[in-house]
Each structure stands twice: as C-alpha cells, then as structure tokens.
file protein_8.txt (compact mmCIF, C-alpha atoms)
# COMPACT_ATOMS: atom_id res chain seq x y z
CA VAL A 1 -45.73 12.91 26.81
CA ALA A 2 -47.34 13.46 23.41
CA LYS A 3 -45.34 12.44 20.33
CA THR A 4 -44.71 15.31 17.93
CA SER A 5 -42.80 15.39 14.68
CA LEU A 6 -39.61 16.38 16.52
CA THR A 7 -39.56 13.83 19.39
CA SER A 8 -37.59 11.24 17.42
CA PRO A 9 -34.95 12.03 14.80
CA PRO A 10 -36.03 11.70 11.14
CA TRP A 11 -33.49 8.92 10.35
CA PRO A 12 -34.42 5.30 11.17
CA GLU A 13 -33.23 4.17 14.61
CA VAL A 14 -30.37 1.64 14.44
CA LYS A 15 -29.88 -0.91 17.27
CA LEU A 16 -26.24 -1.79 17.86
CA PRO A 17 -25.59 -5.53 18.43
CA ASP A 18 -24.08 -6.97 21.62
CA PRO A 19 -20.37 -6.23 22.07
CA VAL A 20 -19.56 -9.85 22.95
CA GLU A 21 -21.28 -11.16 19.85
CA GLU A 22 -19.60 -8.40 17.83
CA ALA A 23 -16.16 -9.49 19.08
CA LYS A 24 -16.86 -13.13 18.17
CA TYR A 25 -18.09 -12.16 14.72
CA HIS A 26 -15.02 -9.97 14.17
CA ALA A 27 -12.64 -12.77 15.19
CA GLU A 28 -14.40 -15.18 12.85
CA VAL A 29 -14.20 -12.79 9.92
CA VAL A 30 -10.51 -12.09 10.61
CA GLN A 31 -9.71 -15.81 10.70
CA LYS A 32 -11.54 -16.42 7.44
CA VAL A 33 -9.70 -13.57 5.68
CA ASN A 34 -6.36 -14.79 7.07
CA LYS A 35 -7.02 -18.29 5.74
CA MET A 36 -7.97 -16.89 2.35
CA ILE A 37 -4.78 -14.84 2.15
CA ALA A 38 -2.65 -17.76 3.32
CA THR A 39 -4.06 -20.12 0.72
CA GLY A 40 -3.74 -17.44 -1.95
CA GLN A 41 -7.34 -17.25 -3.10
CA TYR A 42 -7.21 -13.64 -4.20
CA GLY A 43 -6.93 -12.60 -7.84
CA ARG A 44 -5.84 -9.04 -8.62
CA LEU A 45 -4.91 -6.72 -5.76
CA PHE A 46 -5.31 -2.97 -5.80
CA ALA A 47 -3.92 -0.52 -3.26
CA VAL A 48 -4.30 3.14 -2.36
CA VAL A 49 -0.87 4.63 -1.74
CA HIS A 50 0.11 8.09 -0.53
CA PHE A 51 3.10 9.20 -2.62
CA ALA A 52 4.49 12.62 -3.57
CA SER A 53 1.71 14.39 -1.64
CA LYS A 54 -0.95 12.61 -3.72
CA GLN A 55 -3.03 9.48 -3.22
CA TRP A 56 -2.96 7.00 -6.07
CA LYS A 57 -5.09 3.92 -6.68
CA ILE A 58 -2.67 1.41 -8.16
CA THR A 59 -2.69 -2.18 -9.38
CA SER A 60 0.24 -4.21 -10.65
CA GLU A 61 1.78 -3.30 -14.06
CA ASP A 62 0.72 0.30 -13.60
CA LEU A 63 2.35 3.52 -14.86
CA ILE A 64 2.52 6.60 -12.60
CA MET A 65 4.16 9.96 -13.25
CA MET A 66 5.38 12.45 -10.64
CA ASP A 67 6.26 16.07 -11.15
CA ASN A 68 9.42 15.91 -9.07
CA VAL A 69 12.86 14.35 -8.92
CA LEU A 70 13.39 11.15 -6.98
CA GLU A 71 16.82 10.34 -5.66
CA ALA A 72 16.82 6.92 -7.29
CA GLU A 73 18.53 6.19 -10.61
CA CYS A 74 16.74 4.72 -13.61
CA GLY A 75 16.10 1.04 -13.02
CA ASP A 76 16.06 1.11 -9.21
CA ARG A 77 13.48 -0.85 -7.27
CA ILE A 78 11.53 1.18 -4.74
CA ARG A 79 9.37 -0.10 -1.90
CA MET A 80 6.44 2.17 -1.13
CA GLU A 81 5.30 2.62 2.44
CA LYS A 82 2.27 4.67 3.49
CA VAL A 83 -0.34 2.24 2.16
CA LEU A 84 -3.86 3.35 3.10
CA LEU A 85 -6.05 0.62 1.60
CA VAL A 86 -5.60 -2.81 0.03
CA GLY A 87 -8.38 -4.63 -1.73
CA ALA A 88 -9.06 -7.77 -3.74
CA ASP A 89 -12.14 -9.28 -5.30
CA ASP A 90 -13.81 -10.50 -2.09
CA PHE A 91 -12.27 -8.50 0.77
CA THR A 92 -10.61 -5.15 1.51
CA LEU A 93 -8.18 -4.21 4.25
CA ILE A 94 -8.71 -0.64 5.41
CA GLY A 95 -5.99 1.05 7.41
CA ARG A 96 -6.51 3.75 10.06
CA PRO A 97 -4.94 5.67 8.45
CA LEU A 98 -1.99 3.47 7.43
CA LEU A 99 -1.59 -0.28 7.14
CA GLY A 100 1.31 -2.07 8.78
CA LYS A 101 4.53 -2.66 6.87
CA ASP A 102 4.46 -6.37 7.69
CA LEU A 103 1.04 -6.67 6.04
CA VAL A 104 1.52 -5.11 2.59
CA ARG A 105 4.45 -4.73 0.25
CA VAL A 106 4.28 -2.48 -2.83
CA GLU A 107 7.28 -2.52 -5.18
CA ALA A 108 7.95 -0.16 -8.09
CA THR A 109 10.81 0.60 -10.51
CA VAL A 110 11.91 3.97 -11.85
CA ILE A 111 11.58 3.78 -15.63
CA GLU A 112 12.19 7.27 -16.89
CA LYS A 113 13.42 10.66 -15.70
CA THR A 114 12.42 13.27 -18.29
CA GLU A 115 11.31 16.85 -18.39
CA SER A 116 7.76 17.99 -19.01
CA TRP A 117 6.63 19.72 -22.18
CA PRO A 118 7.72 23.38 -22.35
CA LYS A 119 5.15 25.45 -20.48
CA ILE A 120 4.99 29.16 -21.21
CA ASN A 121 4.84 31.53 -18.24
CA MET A 122 3.96 35.00 -19.54
CA ARG A 123 3.33 38.26 -17.72
CA PHE A 124 1.71 41.10 -19.61
CA TRP A 125 0.40 44.49 -18.56
CA LYS A 126 -1.52 46.42 -21.14
CA ARG A 127 -0.63 49.95 -22.13
CA HIS A 128 2.64 49.71 -20.18
CA ASN A 129 4.81 48.00 -22.76
CA TYR A 130 5.55 45.19 -20.25
CA GLN A 131 5.84 41.65 -21.53
CA ARG A 132 7.94 38.86 -20.08
CA THR A 133 7.95 35.25 -21.28
CA LYS A 134 9.55 32.38 -19.44
CA ILE A 135 9.59 28.75 -20.59
CA ILE A 136 9.37 26.27 -17.70
CA MET A 137 10.15 22.56 -18.02
CA ASN A 138 9.63 20.58 -14.81
CA PRO A 139 11.57 17.39 -14.25
CA GLN A 140 9.33 14.32 -14.11
CA THR A 141 9.80 10.69 -13.10
CA VAL A 142 7.84 7.71 -14.39
CA LEU A 143 7.36 4.70 -12.12
CA ARG A 144 6.00 1.28 -12.94
CA ILE A 145 4.34 -0.65 -10.10
CA ASN A 146 5.68 -4.19 -10.23
CA THR A 147 3.92 -6.11 -7.46
CA ILE A 148 1.54 -5.71 -4.55
CA GLU A 149 1.84 -8.49 -1.97
CA ILE A 150 -0.05 -9.17 1.25
CA PHE A 151 0.94 -11.44 4.13
CA PRO A 152 -1.52 -13.21 6.46
CA CYS A 153 -0.71 -11.51 9.77
CA LEU A 154 -3.98 -9.90 10.80
CA SER A 155 -5.19 -9.78 14.37
CA ARG B 1 13.75 -6.06 -15.50
CA TYR B 2 14.69 -2.65 -16.74
CA VAL B 3 15.76 -1.80 -20.29
CA ARG B 4 17.26 1.60 -20.96
CA GLN B 5 15.45 3.34 -23.79
CA LEU B 6 18.48 5.14 -25.16
CA GLN B 7 20.18 3.21 -27.96
CA ARG B 8 23.15 5.30 -28.98
CA LEU B 9 24.60 8.75 -28.50
CA GLN B 10 26.48 10.26 -31.44
CA LEU B 11 28.77 13.18 -30.71
CA LEU B 12 29.58 15.20 -33.86
CA PHE B 13 32.06 18.00 -33.52
CA SER B 14 34.90 19.58 -35.48
CA PRO B 15 38.33 19.79 -33.89
CA THR B 16 39.01 23.32 -35.05
CA ALA B 17 35.79 25.25 -34.41
CA ALA B 18 35.81 27.63 -31.46
CA ASP B 19 32.34 26.78 -30.17
CA ALA B 20 33.18 23.07 -29.93
CA ARG B 21 35.63 23.69 -27.08
CA GLY B 22 33.26 22.29 -24.47
CA ALA B 23 32.66 19.22 -26.65
CA ARG B 24 36.39 18.65 -26.99
CA GLN B 25 36.91 18.97 -23.22
CA PHE B 26 34.02 16.57 -22.62
CA VAL B 27 35.57 14.06 -25.00
CA GLU B 28 38.96 14.34 -23.33
CA GLU B 29 37.83 14.15 -19.71
CA ALA B 30 34.27 13.02 -19.06
CA ALA B 31 33.32 10.74 -21.93
CA LEU B 32 34.97 7.68 -20.41
CA ASP B 33 33.29 8.24 -17.05
CA PHE B 34 29.92 8.64 -18.74
CA ALA B 35 30.42 5.48 -20.78
CA ARG B 36 31.37 3.51 -17.67
CA ARG B 37 28.41 4.79 -15.68
CA HIS B 38 25.95 3.86 -18.46
CA PRO B 39 27.25 0.53 -19.80
CA ASP B 40 24.20 -0.17 -21.96
CA VAL B 41 24.47 3.04 -24.02
CA VAL B 42 26.76 3.06 -27.06
CA LEU B 43 28.72 6.29 -27.42
CA TYR B 44 30.03 7.21 -30.91
CA ILE B 45 32.47 10.09 -31.15
CA SER B 46 33.13 11.27 -34.71
CA PRO B 47 35.03 14.43 -35.50
CA CYS B 48 33.59 15.94 -38.68
CA SER B 49 33.70 19.42 -40.18
CA GLY B 50 29.99 20.05 -39.79
CA PRO B 51 28.51 23.50 -39.20
CA ALA B 52 27.93 23.15 -35.45
CA PRO B 53 28.59 20.54 -32.77
CA LEU B 54 25.64 18.21 -32.29
CA LEU B 55 24.65 15.51 -29.84
CA LEU B 56 22.38 12.94 -31.53
CA ALA B 57 20.37 10.60 -29.31
CA GLU B 58 18.57 7.59 -30.82
CA TYR B 59 15.98 5.67 -28.85
CA LEU B 60 14.47 2.20 -29.17
CA ASN B 61 11.30 3.70 -30.71
CA GLY B 62 13.31 5.12 -33.59
CA THR B 63 12.95 8.76 -32.52
CA VAL B 64 16.09 10.83 -32.98
CA ARG B 65 16.75 13.90 -30.85
CA GLU B 66 19.35 16.48 -31.79
CA GLU B 67 20.79 18.85 -29.22
CA LEU B 68 23.16 21.70 -29.88
CA ILE B 69 26.23 21.71 -27.67
CA ALA B 70 27.90 24.79 -29.10
CA SER B 71 29.50 27.00 -26.44
CA LYS B 72 28.59 24.77 -23.50
CA THR B 73 30.93 23.64 -20.77
CA SER B 74 31.70 19.96 -20.36
CA GLU B 75 29.68 19.77 -17.12
CA GLU B 76 26.61 21.06 -18.91
CA ILE B 77 27.17 18.48 -21.63
CA THR B 78 27.39 15.69 -19.03
CA GLN B 79 24.15 16.89 -17.45
CA LEU B 80 22.49 16.96 -20.86
CA ALA B 81 23.77 13.49 -21.64
CA THR B 82 22.50 12.04 -18.36
CA LYS B 83 19.13 13.68 -18.94
CA LEU B 84 18.91 12.18 -22.43
CA ALA B 85 19.96 8.80 -21.05
CA GLY B 86 17.09 8.85 -18.58
CA GLN B 87 14.46 9.78 -21.18
CA SER B 88 12.51 7.47 -23.43
CA GLY B 89 11.76 8.11 -27.07
CA LEU B 90 8.19 9.34 -26.62
CA ASP B 91 7.32 12.82 -27.87
CA ILE B 92 7.42 15.52 -25.23
CA ILE B 93 3.89 16.86 -25.53
CA ARG B 94 1.17 17.54 -23.00
CA ILE B 95 0.05 14.28 -21.43
CA ARG B 96 -3.49 14.37 -20.18
CA LYS B 97 -3.30 11.84 -17.35
CA PRO B 98 -0.36 11.19 -15.04
CA PHE B 99 -1.35 7.53 -14.66
CA HIS B 100 -2.13 4.63 -16.95
CA THR B 101 -3.70 1.29 -16.06
CA ASP B 102 -4.66 -1.70 -18.11
CA ASN B 103 -7.05 -3.02 -15.45
CA PRO B 104 -8.78 0.01 -13.92
CA SER B 105 -11.38 -1.86 -11.84
CA VAL B 106 -10.74 -4.86 -9.59
CA GLN B 107 -14.02 -5.27 -7.72
CA GLY B 108 -16.18 -4.39 -10.72
CA GLN B 109 -16.84 -0.89 -12.00
CA TRP B 110 -19.38 1.13 -10.05
CA HIS B 111 -22.72 1.74 -11.76
CA PRO B 112 -25.76 3.35 -10.13
CA PHE B 113 -27.31 -0.05 -9.32
CA THR B 114 -24.51 -1.40 -7.12
CA ASN B 115 -25.34 -1.50 -3.41
CA LYS B 116 -29.05 -1.09 -4.08
CA PRO B 117 -31.76 -3.67 -3.32
CA SER B 118 -33.07 -5.57 -6.30
CA VAL B 119 -36.35 -4.70 -8.06
CA LEU B 120 -38.43 -7.64 -6.83
CA THR B 121 -38.34 -6.85 -3.15
CA VAL B 122 -38.87 -3.10 -3.48
CA GLN B 123 -42.51 -2.21 -2.85
CA GLY B 124 -43.40 0.11 -5.67
CA PRO B 125 -46.83 1.47 -6.47
CA ARG B 126 -47.47 -1.13 -9.23
CA LEU B 127 -45.43 -4.18 -8.15
CA GLN B 128 -47.71 -6.07 -5.75
CA PRO B 129 -47.24 -9.73 -4.83
CA GLN B 130 -50.13 -11.63 -6.34

call {"tool": "encode", "arguments": {"input": "protein_8.txt", "output": "structure tokens"}}
result
Amino acid sequence: VAKTSLTSPPWPEVKLPDPVEEAKYHAEVVQKVNKMIATGQYGRLFAVVHFASKQWKITSEDLIMMDNVLEAECGDRIRMEKVLLVGADDFTLIGRPLLGKDLVRVEATVIEKTESWPKINMRFWKRHNYQRTKIIMNPQTVLRINTIEIFPCLS
Amino acid sequence: RYVRQLQRLQLLFSPTAADARGARQFVEEAALDFARRHPDVVLYISPCSGPAPLLLAEYLNGTVREELIASKTSEEITQLATKLAGQSGLDIIRIRKPFHTDNPSVQGQWHPFTNKPSVLTVQGPRLQPQ
C-alpha cells in the first residue's frame, strides 16, 4: 500500500517498554525513594492541599487566608487531609487523586479570626430614584502551616 | 506556639448614662466568663463620666481600636469582644493575596529553559560539529 501523508499520525511514534522490565524499574525507584525518605535526605517539602474548595501550594511557615469560619478556636492545631501532591528537591509523590493519610501529615494552627475590609454592595437604577447600599464584611480565618512530614511507607 | 495578639481591653462607661445599660449588664454578668475564657487578655473596667461608652482594644503592634457599645445588649458586646480577641492589630484594608510564603519555590523556579535540551546537542542551521 502506498504511503501518503495521512498513513501515519503526525506525532513521533513512541515504543512502550516491556511490562516486566517496567515493573522491575518501578520497584527499584520506589525502594530508592523509600530509603531516601527514611534516611531523611530531603530538604524543604512542599505540598498541594485541597482546603475550603481551593487548592493551595504550601510549604512550612506559610500563611493562608480563608473567606469562611472554621470551627476551631484561635491557637488550635489542625491536621489537613486531602493532600494531592508532595514534593521535595529530588522527588515528588503524586496522588491519584489523594495521597494516603499514613504517608503525609500536614499540620497548621489557626492564628486569627477577623473580618474582611468593608465591601460596598450597591444597587442603582437610573431615572427611577432607586439606590440601595449595603456594607458586607465577611469573616476570615488566617492559618499558619507548621510542618509537612512524610513517612517511608510506599509500595 | 500561639501568642494572642490582643494585649488589653479597656471598658469605659458611666454608671448613670442610659445608653450604657448593656455595658453595665455585661460587666455584672459576662465579664468574668469572658476573662476566664481568654486568660491571656487583660480586661480593665473603669467607670468614667465620658460622653459615650467605649471598648478600647490594644494590640501587640500598638494599634488601638475603639468600638462604640452604646445601646447594645450584653450578648452583642460579648460577640464583639470575642471578635476583637481573635483579631490581630493589622489594618483592615484590601489584601491583594490570600497567601504569603517566604520560600515560594522548592525545586527551582520555572524559566523557559527548564526541561529543554541544551544548546550544544540541538542541530541548528549554523551549529555544525567541526
């Protein structure tokens, strides 16, 4: 059959490696990462956490502000679950979509519970003498991320 | 390690004014509970014949916030006081970013040359191995 411009797709063809070799390679990589975590060879850790319907990229000693009210008092320690990604200088652990709770531990403290700056909500119709102003102040909470820890229990 | 940002709360009211009734009820009933619930806040109660009852809050920054408590019930005053106790002394203005980091990049900041092959191995029109 003659080869036209549409016989093969325009992207370069990729050959997948053998599944057995792949499995061996994967196991080796996992063991190496486990050893690194166990010996503590990582420097700074960052994590992607899903919190208050938003995803935040956080490191330790980090300040985060939410536009809602948490049920914790000022000065309470909070442990965040729903960790999507953890990374260090040499390796990253990607969850699908979440990472296990026995792998990562993210701790934060509630620092402040204030209100936002006064926002003006105004409704105006012209030529109808209709004008309503409303000042809205949302309650906000400020959290400080204390630590991100990982434990060597990969598989 | 958590340090409350509120230093002291000064309650100024006059014992005879009509609009300080809520402040007087607060002092009689709820002030002790509030002081016990927040042991690291100092509460000063001073009856003085000022024009209107005031609640002064001083923070560790040095900022002083005054709130009027004229014609407010004692429950409203307790809510106000707890709100002030949870705040810090920063100005309440529009903040541009809801997050703040000192170390924004861990694996090195991205620039357009990360994950790209280096110049020597790329076969350009002029670079030919001689």

call {"tool": "closest_atom_pairs", "arguments": {"input": "protein_8.txt", "of": "chain B", "to": "chain A", "cutoff": "6 Å", "atoms": "all atoms listed in the file", "output": "CSV"}}
result
residue,atom,partner,partner_atom,distance
B:Tyr2,CA,A:Gly75,CA,5.4
B:Gly86,CA,A:Lys113,CA,5.0
B:Gln87,CA,A:Thr114,CA,5.0
B:Ile92,CA,A:Trp117,CA,5.3
B:Ile93,CA,A:Trp117,CA,5.2
B:Arg94,CA,A:Trp117,CA,5.9
B:Pro98,CA,A:Met65,CA,5.0
B:Phe99,CA,A:Ile64,CA,4.5
B:His100,CA,A:Leu63,CA,5.1
B:Thr101,CA,A:Asp62,CA,5.2
B:Gln107,CA,A:Asp89,CA,5.0

call {"tool": "residues_around", "arguments": {"input": "protein_8.txt", "residues": "segment 4-18 of chain B", "least_positions_apart": "5", "cutoff": "6 Å", "atoms": "only C-alpha atoms", "output": "list in words"}}
result
Val41, Val42, Leu43, Tyr44, Ile45, Ser46, Pro47, Cys48, Ser49, Pro53, Leu54, Leu55, Leu56, Ala57, Glu58, Tyr59, Leu60, Ala85 and Ser88 of chain B

call {"tool": "atom_distance", "arguments": {"input": "protein_8.txt", "atom1": "atom CA of Leu32 of chain B", "atom2": "atom CA of Met137 of chain A"}}
result
29.0 Å

call {"tool": "residues_around", "arguments": {"input": "protein_8.txt", "residues": "Thr39 of chain A", "least_positions_apart": "4", "cutoff": "12 Å", "atoms": "only C-alpha atoms", "output": "PDB file with C-alpha atoms, in the coordinates of the input"}}
result
ATOM      1  CA  LYS A  32     -11.540 -16.420   7.440  1.00  0.00           C
ATOM      2  CA  VAL A  33      -9.700 -13.570   5.680  1.00  0.00           C
ATOM      3  CA  ASN A  34      -6.360 -14.790   7.070  1.00  0.00           C
ATOM      4  CA  LYS A  35      -7.020 -18.290   5.740  1.00  0.00           C
ATOM      5  CA  GLY A  43      -6.930 -12.600  -7.840  1.00  0.00           C
ATOM      6  CA  ILE A 150      -0.050  -9.170   1.250  1.00  0.00           C
ATOM      7  CA  PHE A 151       0.940 -11.440   4.130  1.00  0.00           C
ATOM      8  CA  PRO A 152      -1.520 -13.210   6.460  1.00  0.00           C
TER       9      PRO A 152
END

call {"tool": "atom_distance", "arguments": {"input": "protein_8.txt", "atom1": "atom CA of Ile148 of chain A", "atom2": "atom CA of Ala23 of chain A"}}
result
29.8 Å

call {"tool": "closest_residue", "arguments": {"input": "protein_8.txt", "among": "A:Val69, A:Val83, A:Val48, A:Lys54", "to": "Leu99 of chain A", "atoms": "all atoms listed in the file"}}
result
A:Val83

call {"tool": "closest_residue", "arguments": {"input": "protein_8.txt", "among": "A:Ile135, A:Leu93, A:Val29, A:Ile78", "to": "Thr147 of chain A", "atoms": "all atoms listed in the file"}}
result
A:Ile78

call {"tool": "atom_distance", "arguments": {"input": "protein_8.txt", "atom1": "atom CA of Ser71 of chain B", "atom2": "atom CA of Ala52 of chain B"}}
result
9.9 Å

call {"tool": "build_atoms", "arguments": {"input": "protein_8.txt", "residues": "segment 88-99 of chain A", "atoms": "N, CA and C atoms", "output": "CSV table (one decimal), in the frame of the given file"}}
result
chain,number,residue,atom,x,y,z
A,88,ALA,N,-9.0,-6.7,-2.7
A,88,ALA,CA,-9.1,-7.8,-3.7
A,88,ALA,C,-10.5,-8.0,-4.1
A,89,ASP,N,-10.8,-9.1,-4.8
A,89,ASP,CA,-12.1,-9.3,-5.3
A,89,ASP,C,-13.2,-9.4,-4.2
A,90,ASP,N,-12.8,-10.2,-3.1
A,90,ASP,CA,-13.8,-10.5,-2.1
A,90,ASP,C,-13.7,-9.7,-0.8
A,91,PHE,N,-12.4,-9.2,-0.5
A,91,PHE,CA,-12.3,-8.5,0.8
A,91,PHE,C,-11.4,-7.3,0.6
A,92,THR,N,-11.5,-6.3,1.5
A,92,THR,CA,-10.6,-5.2,1.5
A,92,THR,C,-10.0,-5.0,2.9
A,93,LEU,N,-8.8,-4.5,3.0
A,93,LEU,CA,-8.2,-4.2,4.2
A,93,LEU,C,-8.0,-2.7,4.3
A,94,ILE,N,-8.7,-2.1,5.3
A,94,ILE,CA,-8.7,-0.6,5.4
A,94,ILE,C,-7.8,-0.3,6.6
A,95,GLY,N,-6.9,0.6,6.3
A,95,GLY,CA,-6.0,1.0,7.4
A,95,GLY,C,-6.5,2.3,8.1
A,96,ARG,N,-6.1,2.5,9.3
A,96,ARG,CA,-6.5,3.8,10.1
A,96,ARG,C,-5.3,4.5,10.6
A,97,PRO,N,-4.8,5.5,9.9
A,97,PRO,CA,-4.9,5.7,8.4
A,97,PRO,C,-4.0,4.8,7.6
A,98,LEU,N,-2.9,4.3,8.2
A,98,LEU,CA,-2.0,3.5,7.4
A,98,LEU,C,-2.1,2.0,7.8
A,99,LEU,N,-1.7,1.1,6.9
A,99,LEU,CA,-1.6,-0.3,7.1
A,99,LEU,C,-0.2,-0.6,7.6
